[in-house]
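The file start.cif contains mmCIF, N, CA and C atoms:
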```cif
data_work
#
loop_
_atom_site.label_atom_id
_atom_site.label_comp_id
_atom_site.auth_asym_id
_atom_site.auth_seq_id
_atom_site.Cartn_x
_atom_site.Cartn_y
_atom_site.Cartn_z
N MET N 86 29.04 -110.11 43.48
CA MET N 86 29.92 -109.53 42.48
C MET N 86 29.25 -108.33 41.81
N ILE N 87 27.97 -108.40 41.52
CA ILE N 87 27.28 -107.29 40.88
C ILE N 87 27.25 -106.08 41.80
N VAL N 88 27.02 -106.28 43.07
CA VAL N 88 26.99 -105.17 44.02
C VAL N 88 28.34 -104.46 44.04
N GLY N 89 29.42 -105.19 44.03
CA GLY N 89 30.75 -104.60 44.03
C GLY N 89 31.00 -103.76 42.79
N LEU N 90 30.55 -104.20 41.63
CA LEU N 90 30.73 -103.44 40.40
C LEU N 90 29.92 -102.16 40.41
N ILE N 91 28.72 -102.22 40.91
CA ILE N 91 27.88 -101.02 40.98
C ILE N 91 28.52 -99.99 41.91
N THR N 92 29.06 -100.45 43.02
CA THR N 92 29.71 -99.55 43.95
C THR N 92 30.92 -98.89 43.31
N LEU N 93 31.73 -99.66 42.61
CA LEU N 93 32.91 -99.10 41.95
C LEU N 93 32.53 -98.09 40.89
N VAL N 94 31.53 -98.39 40.11
CA VAL N 94 31.11 -97.48 39.05
C VAL N 94 30.54 -96.19 39.65
N SER N 95 29.71 -96.30 40.68
CA SER N 95 29.08 -95.10 41.24
C SER N 95 30.08 -94.23 42.00
N CYS N 96 31.12 -94.80 42.56
CA CYS N 96 32.10 -94.00 43.29
C CYS N 96 33.21 -93.47 42.38
N GLY N 97 33.41 -94.10 41.24
CA GLY N 97 34.53 -93.75 40.39
C GLY N 97 34.34 -92.49 39.57
N ASN N 98 33.11 -92.06 39.33
CA ASN N 98 32.89 -90.90 38.48
C ASN N 98 31.95 -89.94 39.18
N ASN N 99 32.50 -89.14 40.07
CA ASN N 99 31.71 -88.23 40.88
C ASN N 99 31.74 -86.80 40.36
N ALA N 100 32.45 -86.55 39.28
CA ALA N 100 32.55 -85.21 38.72
C ALA N 100 31.23 -84.81 38.07
N PRO N 101 30.89 -83.52 38.13
CA PRO N 101 29.68 -83.08 37.43
C PRO N 101 29.87 -83.21 35.92
N LYS N 102 28.79 -83.26 35.20
CA LYS N 102 28.83 -83.36 33.74
C LYS N 102 28.67 -81.96 33.15
N CYS N 103 29.29 -81.73 32.02
CA CYS N 103 29.23 -80.42 31.37
C CYS N 103 27.81 -80.02 31.01
N ASP N 104 26.97 -80.99 30.70
CA ASP N 104 25.61 -80.66 30.28
C ASP N 104 24.58 -80.82 31.39
N ASP N 105 25.03 -80.98 32.65
CA ASP N 105 24.10 -81.02 33.77
C ASP N 105 23.29 -79.73 33.79
N LYS N 106 22.01 -79.83 34.05
CA LYS N 106 21.13 -78.67 34.06
C LYS N 106 21.62 -77.61 35.04
N GLU N 107 22.02 -78.03 36.24
CA GLU N 107 22.51 -77.09 37.25
C GLU N 107 23.75 -76.35 36.76
N VAL N 108 24.64 -77.05 36.06
CA VAL N 108 25.87 -76.45 35.55
C VAL N 108 25.55 -75.42 34.47
N THR N 109 24.75 -75.79 33.47
CA THR N 109 24.46 -74.87 32.37
C THR N 109 23.64 -73.66 32.85
N GLU N 110 22.72 -73.87 33.79
CA GLU N 110 21.96 -72.74 34.33
C GLU N 110 22.88 -71.78 35.08
N THR N 111 23.87 -72.31 35.79
CA THR N 111 24.82 -71.46 36.51
C THR N 111 25.68 -70.67 35.54
N VAL N 112 26.14 -71.31 34.46
CA VAL N 112 26.94 -70.60 33.44
C VAL N 112 26.13 -69.43 32.88
N LEU N 113 24.87 -69.67 32.51
CA LEU N 113 24.03 -68.61 31.95
C LEU N 113 23.80 -67.50 32.98
N SER N 114 23.64 -67.86 34.23
CA SER N 114 23.46 -66.86 35.29
C SER N 114 24.72 -66.00 35.45
N ILE N 115 25.88 -66.63 35.43
CA ILE N 115 27.15 -65.89 35.53
C ILE N 115 27.29 -64.94 34.36
N LEU N 116 26.99 -65.42 33.16
CA LEU N 116 27.11 -64.57 31.97
C LEU N 116 26.12 -63.41 32.02
N SER N 117 24.92 -63.66 32.53
CA SER N 117 23.92 -62.61 32.65
C SER N 117 24.39 -61.52 33.61
N GLU N 118 24.96 -61.93 34.74
CA GLU N 118 25.44 -60.98 35.75
C GLU N 118 26.65 -60.18 35.25
N ASN N 119 27.39 -60.74 34.29
CA ASN N 119 28.61 -60.09 33.80
C ASN N 119 28.48 -59.71 32.32
N SER N 120 27.28 -59.42 31.87
CA SER N 120 27.06 -59.19 30.44
C SER N 120 27.79 -57.97 29.91
N LYS N 121 28.12 -57.01 30.77
CA LYS N 121 28.84 -55.82 30.30
C LYS N 121 30.25 -56.16 29.81
N SER N 122 30.77 -57.32 30.19
CA SER N 122 32.10 -57.71 29.73
C SER N 122 32.05 -58.52 28.44
N LEU N 123 30.85 -58.84 27.96
CA LEU N 123 30.70 -59.60 26.72
C LEU N 123 30.65 -58.64 25.53
N VAL N 124 31.30 -59.01 24.45
CA VAL N 124 31.31 -58.15 23.26
C VAL N 124 30.84 -58.92 22.04
N ASP N 125 30.31 -58.17 21.08
CA ASP N 125 29.89 -58.80 19.83
C ASP N 125 31.05 -58.80 18.83
N GLN N 126 30.79 -59.26 17.63
CA GLN N 126 31.84 -59.39 16.63
C GLN N 126 32.42 -58.04 16.20
N TYR N 127 31.76 -56.93 16.54
CA TYR N 127 32.24 -55.60 16.21
C TYR N 127 32.93 -54.92 17.38
N GLY N 128 33.05 -55.63 18.50
CA GLY N 128 33.70 -55.08 19.68
C GLY N 128 32.79 -54.24 20.55
N ARG N 129 31.49 -54.29 20.30
CA ARG N 129 30.54 -53.51 21.09
C ARG N 129 30.06 -54.33 22.29
N ASN N 130 29.86 -53.65 23.39
CA ASN N 130 29.32 -54.29 24.59
C ASN N 130 27.79 -54.19 24.55
N SER N 131 27.19 -54.97 23.69
CA SER N 131 25.74 -54.87 23.51
C SER N 131 25.04 -56.20 23.70
N ILE N 132 25.66 -57.11 24.40
CA ILE N 132 25.11 -58.45 24.56
C ILE N 132 24.28 -58.50 25.83
N PHE N 133 23.10 -59.07 25.71
CA PHE N 133 22.22 -59.28 26.86
C PHE N 133 21.92 -60.77 26.94
N ILE N 134 22.20 -61.37 28.09
CA ILE N 134 21.93 -62.79 28.29
C ILE N 134 20.76 -62.91 29.27
N ASP N 135 19.66 -63.45 28.81
CA ASP N 135 18.54 -63.74 29.69
C ASP N 135 18.60 -65.23 30.01
N PRO N 136 18.93 -65.59 31.25
CA PRO N 136 19.09 -67.01 31.58
C PRO N 136 17.83 -67.84 31.36
N LYS N 137 16.68 -67.19 31.25
CA LYS N 137 15.43 -67.92 31.04
C LYS N 137 15.23 -68.31 29.58
N THR N 138 15.81 -67.53 28.65
CA THR N 138 15.59 -67.82 27.23
C THR N 138 16.86 -68.26 26.51
N ALA N 139 18.03 -67.94 27.05
CA ALA N 139 19.28 -68.35 26.42
C ALA N 139 19.53 -69.83 26.69
N LYS N 140 20.37 -70.44 25.87
CA LYS N 140 20.72 -71.84 26.11
C LYS N 140 22.15 -72.09 25.65
N ILE N 141 22.71 -73.17 26.16
CA ILE N 141 24.03 -73.60 25.74
C ILE N 141 23.85 -74.86 24.92
N LYS N 142 24.39 -74.88 23.73
CA LYS N 142 24.28 -76.04 22.84
C LYS N 142 25.68 -76.46 22.41
N ASN N 143 25.76 -77.55 21.69
CA ASN N 143 27.05 -78.09 21.21
C ASN N 143 28.04 -78.27 22.36
N ILE N 144 27.57 -78.76 23.49
CA ILE N 144 28.40 -78.90 24.69
C ILE N 144 29.36 -80.07 24.54
N MET N 145 30.63 -79.80 24.84
CA MET N 145 31.66 -80.84 24.78
C MET N 145 32.47 -80.82 26.08
N THR N 146 32.88 -81.99 26.51
CA THR N 146 33.80 -82.11 27.64
C THR N 146 35.21 -82.06 27.07
N THR N 147 35.99 -81.10 27.52
CA THR N 147 37.36 -80.96 27.02
C THR N 147 38.38 -81.59 27.96
N SER N 148 38.01 -81.77 29.23
CA SER N 148 38.89 -82.43 30.18
C SER N 148 38.04 -82.96 31.33
N ALA N 149 38.57 -83.98 32.00
CA ALA N 149 37.88 -84.54 33.17
C ALA N 149 38.93 -85.03 34.16
N ASP N 150 38.68 -84.79 35.42
CA ASP N 150 39.59 -85.24 36.48
C ASP N 150 38.74 -85.82 37.60
N ASP N 151 38.65 -87.15 37.64
CA ASP N 151 37.83 -87.82 38.64
C ASP N 151 38.38 -87.62 40.05
N GLU N 152 39.69 -87.47 40.18
CA GLU N 152 40.29 -87.27 41.49
C GLU N 152 39.87 -85.91 42.08
N LEU N 153 39.80 -84.89 41.22
CA LEU N 153 39.39 -83.56 41.66
C LEU N 153 37.90 -83.31 41.50
N ASN N 154 37.18 -84.29 40.96
CA ASN N 154 35.74 -84.15 40.70
C ASN N 154 35.44 -82.92 39.84
N SER N 155 36.22 -82.75 38.77
CA SER N 155 36.04 -81.58 37.93
C SER N 155 36.03 -81.95 36.45
N CYS N 156 35.46 -81.04 35.66
CA CYS N 156 35.48 -81.22 34.21
C CYS N 156 35.61 -79.86 33.55
N GLY N 157 36.31 -79.84 32.43
CA GLY N 157 36.43 -78.66 31.59
C GLY N 157 35.45 -78.80 30.44
N CYS N 158 34.80 -77.70 30.07
CA CYS N 158 33.71 -77.78 29.10
C CYS N 158 33.79 -76.62 28.11
N GLU N 159 33.19 -76.82 26.95
CA GLU N 159 33.00 -75.73 26.02
C GLU N 159 31.68 -75.93 25.29
N GLY N 160 31.13 -74.85 24.83
CA GLY N 160 29.85 -74.92 24.13
C GLY N 160 29.56 -73.61 23.43
N THR N 161 28.38 -73.53 22.86
CA THR N 161 27.91 -72.34 22.17
C THR N 161 26.71 -71.77 22.91
N ILE N 162 26.79 -70.49 23.26
CA ILE N 162 25.67 -69.82 23.91
C ILE N 162 24.79 -69.27 22.80
N GLU N 163 23.51 -69.53 22.90
CA GLU N 163 22.56 -69.00 21.93
C GLU N 163 21.57 -68.11 22.65
N THR N 164 21.52 -66.84 22.24
CA THR N 164 20.55 -65.91 22.80
C THR N 164 19.39 -65.78 21.82
N ASN N 165 18.20 -65.74 22.34
CA ASN N 165 17.01 -65.67 21.49
C ASN N 165 16.25 -64.38 21.67
N GLU N 166 16.90 -63.35 22.21
CA GLU N 166 16.22 -62.08 22.40
C GLU N 166 15.85 -61.50 21.05
N SER N 167 14.63 -61.02 20.92
CA SER N 167 14.14 -60.53 19.62
C SER N 167 14.88 -59.29 19.15
N PHE N 168 15.39 -58.46 20.09
CA PHE N 168 16.06 -57.23 19.67
C PHE N 168 17.52 -57.45 19.26
N LEU N 169 18.16 -58.53 19.71
CA LEU N 169 19.53 -58.79 19.32
C LEU N 169 19.88 -60.27 19.53
N PRO N 170 19.35 -61.15 18.69
CA PRO N 170 19.70 -62.56 18.83
C PRO N 170 21.15 -62.79 18.37
N GLY N 171 21.75 -63.82 18.91
CA GLY N 171 23.12 -64.13 18.50
C GLY N 171 23.64 -65.37 19.19
N GLU N 172 24.90 -65.67 18.90
CA GLU N 172 25.54 -66.80 19.55
C GLU N 172 27.02 -66.56 19.68
N GLY N 173 27.62 -67.22 20.66
CA GLY N 173 29.04 -67.09 20.91
C GLY N 173 29.55 -68.30 21.67
N SER N 174 30.85 -68.43 21.76
CA SER N 174 31.44 -69.59 22.43
C SER N 174 31.70 -69.30 23.90
N VAL N 175 31.74 -70.37 24.69
CA VAL N 175 32.03 -70.24 26.12
C VAL N 175 32.83 -71.47 26.56
N ASN N 176 33.82 -71.23 27.40
CA ASN N 176 34.58 -72.30 28.06
C ASN N 176 34.34 -72.15 29.55
N TYR N 177 34.08 -73.27 30.21
CA TYR N 177 33.80 -73.22 31.64
C TYR N 177 34.28 -74.49 32.32
N THR N 178 34.40 -74.40 33.65
CA THR N 178 34.84 -75.52 34.47
C THR N 178 33.77 -75.76 35.54
N ALA N 179 33.48 -77.03 35.80
CA ALA N 179 32.55 -77.40 36.86
C ALA N 179 33.27 -78.38 37.79
N GLN N 180 33.13 -78.15 39.09
CA GLN N 180 33.82 -79.00 40.07
C GLN N 180 32.96 -79.14 41.31
N LYS N 181 32.96 -80.34 41.89
CA LYS N 181 32.28 -80.54 43.17
C LYS N 181 33.26 -80.25 44.29
N ASN N 182 32.79 -79.49 45.28
CA ASN N 182 33.64 -79.22 46.43
C ASN N 182 33.46 -80.32 47.48
N SER N 183 34.10 -80.17 48.63
CA SER N 183 34.07 -81.23 49.65
C SER N 183 32.69 -81.43 50.25
N GLU N 184 31.80 -80.44 50.13
CA GLU N 184 30.44 -80.59 50.63
C GLU N 184 29.49 -81.15 49.57
N GLY N 185 30.01 -81.43 48.37
CA GLY N 185 29.19 -81.98 47.30
C GLY N 185 28.49 -80.93 46.45
N GLU N 186 28.76 -79.65 46.71
CA GLU N 186 28.17 -78.57 45.93
C GLU N 186 28.96 -78.41 44.63
N ILE N 187 28.26 -78.02 43.58
CA ILE N 187 28.92 -77.81 42.29
C ILE N 187 29.32 -76.35 42.17
N ILE N 188 30.60 -76.13 41.91
CA ILE N 188 31.15 -74.80 41.70
C ILE N 188 31.44 -74.65 40.22
N VAL N 189 30.96 -73.56 39.61
CA VAL N 189 31.15 -73.33 38.19
C VAL N 189 31.96 -72.05 37.98
N LYS N 190 32.93 -72.12 37.09
CA LYS N 190 33.76 -70.96 36.77
C LYS N 190 33.75 -70.80 35.25
N VAL N 191 33.37 -69.61 34.78
CA VAL N 191 33.43 -69.31 33.35
C VAL N 191 34.85 -68.85 33.06
N ASP N 192 35.54 -69.58 32.19
CA ASP N 192 36.94 -69.30 31.90
C ASP N 192 37.11 -68.29 30.77
N ASN N 193 36.28 -68.40 29.73
CA ASN N 193 36.50 -67.59 28.55
C ASN N 193 35.23 -67.55 27.71
N THR N 194 35.00 -66.43 27.06
CA THR N 194 33.91 -66.35 26.09
C THR N 194 34.48 -65.76 24.80
N GLY N 195 33.94 -66.24 23.69
CA GLY N 195 34.33 -65.71 22.40
C GLY N 195 33.38 -64.60 22.00
N PRO N 196 33.70 -63.85 20.97
CA PRO N 196 32.79 -62.78 20.54
C PRO N 196 31.44 -63.34 20.09
N PHE N 197 30.38 -62.60 20.38
CA PHE N 197 29.05 -63.00 19.96
C PHE N 197 28.80 -62.53 18.55
N ASN N 198 28.29 -63.42 17.74
CA ASN N 198 27.92 -63.06 16.38
C ASN N 198 26.43 -62.78 16.39
N THR N 199 26.08 -61.51 16.22
CA THR N 199 24.68 -61.16 16.21
C THR N 199 24.05 -61.58 14.89
N LYS N 200 22.77 -61.89 14.93
CA LYS N 200 22.09 -62.43 13.76
C LYS N 200 21.27 -61.39 13.01
N LEU N 201 21.37 -60.13 13.40
CA LEU N 201 20.61 -59.08 12.71
C LEU N 201 21.44 -58.43 11.65
#
```
Encoding of this model in structure tokens:
Amino acid sequence: MIVGLITLVSCGNNAPKCDDKEVTETVLSILSENSKSLVDQYGRNSIFIDPKTAKIKNIMTTSADDELNSCGCEGTIETNESFLPGEGSVNYTAQKNSEGEIIVKVDNTGPFNTKL
């Protein structure tokens, strides 16, 4: 009976988690590659995301679909660059494909509030 329960639990929730290291690192990498589309609270395109020093905090799961192995997520991006530190919101989706790879899509970012 215990073996059957373990099997059910392990097969029932195959979706990636919003705070998985691979997921958050991919989100930061996507934002870094597309930083010219990010704006601060004044509408300036002056945001720089360094995936090595930035982090995502306050991560929440906003939706989950075990059948599609996907989850919707939101969090706060915090940049720690000395020349322009700041933070902003991000919404993203993580989903496992048929090969078991995690695909991440950044859906939306809010304006970054610079701390200087």
Nearby residues (only N, CA and C atoms) at most 6.5 Å from Gly160 in chain N, same-chain spacing under 5 positions excluded, as an mmCIF file with N, CA and C atoms, in the coordinates of the input:
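File around-v4.cif, as written:
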```
data_model
loop_
_atom_site.group_PDB
_atom_site.id
_atom_site.type_symbol
_atom_site.label_atom_id
_atom_site.label_comp_id
_atom_site.auth_asym_id
_atom_site.auth_seq_id
_atom_site.Cartn_x
_atom_site.Cartn_y
_atom_site.Cartn_z
ATOM 1 N N ILE N 141 22.710 -73.170 26.160
ATOM 2 C CA ILE N 141 24.030 -73.600 25.740
ATOM 3 C C ILE N 141 23.850 -74.860 24.920
ATOM 4 N N LYS N 142 24.390 -74.880 23.730
ATOM 5 C CA LYS N 142 24.280 -76.040 22.840
ATOM 6 C C LYS N 142 25.680 -76.460 22.410
ATOM 7 N N ASN N 143 25.760 -77.550 21.690
ATOM 8 C CA ASN N 143 27.050 -78.090 21.210
ATOM 9 C C ASN N 143 28.040 -78.270 22.360
ATOM 10 N N ILE N 144 27.570 -78.760 23.490
ATOM 11 C CA ILE N 144 28.400 -78.900 24.690
ATOM 12 C C ILE N 144 29.360 -80.070 24.540
ATOM 13 N N MET N 145 30.630 -79.800 24.840
ATOM 14 C CA MET N 145 31.660 -80.840 24.780
ATOM 15 C C MET N 145 32.470 -80.820 26.080
ATOM 16 N N GLY N 173 27.620 -67.220 20.660
ATOM 17 C CA GLY N 173 29.040 -67.090 20.910
ATOM 18 C C GLY N 173 29.550 -68.300 21.670
ATOM 19 N N SER N 174 30.850 -68.430 21.760
ATOM 20 C CA SER N 174 31.440 -69.590 22.430
ATOM 21 C C SER N 174 31.700 -69.300 23.900
ATOM 22 N N VAL N 175 31.740 -70.370 24.690
ATOM 23 C CA VAL N 175 32.030 -70.240 26.120
ATOM 24 C C VAL N 175 32.830 -71.470 26.560
ATOM 25 N N ASN N 176 33.820 -71.230 27.400
ATOM 26 C CA ASN N 176 34.580 -72.300 28.060
ATOM 27 C C ASN N 176 34.340 -72.150 29.550
ATOM 28 N N TYR N 177 34.080 -73.270 30.210
ATOM 29 C CA TYR N 177 33.800 -73.220 31.640
ATOM 30 C C TYR N 177 34.280 -74.490 32.320
#
```
Item to check | the PyMOL selection byres ((chain N and resi 102-117) around 7) resolved against shown file, as a PyMOL selection string | outcome: chain N and resi 99-101+118-121+133-136+141+144-146+156-159+179+189+191
Checklist entry - So which residues touch Gln180 in chain N within 5 Å, counting all atoms listed in the file, skipping near sequence neighbours fewer than 6 positions away, as a list of chain:residue names? => result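 Once the nearby chain positions are removed, what remains is N:Asn154, N:Ser155, N:Ile187, N:Ile188.
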Item to check | Between atom C of Leu153 in chain N and atom C of Asn182 in chain N, distance in Å (one decimal) | outcome: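 Atom C of Asn182 in chain N lies at a distance of 8.0 Å from atom C of Leu153 in chain N.
Taking CA of Phe197 in chain N as the reference point, atom C of Lys140 in chain N is found at 12.8 Å.
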Item to check | Atom pair CA of Thr147 in chain N / atom N of Asn165 in chain N: separation (Å) | outcome: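 These atoms are spaced 24.9 Å apart.
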Checklist entry - From the set N:Ala139, N:Ile132, N:Asn198, N:Ser183, which residue has the shortest atom-to-atom contact distance to Glu163 in chain N, counting all atoms listed in the file? => result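 Residue with the minimum atom-to-atom distance to Glu163 in chain N: N:Ala139.
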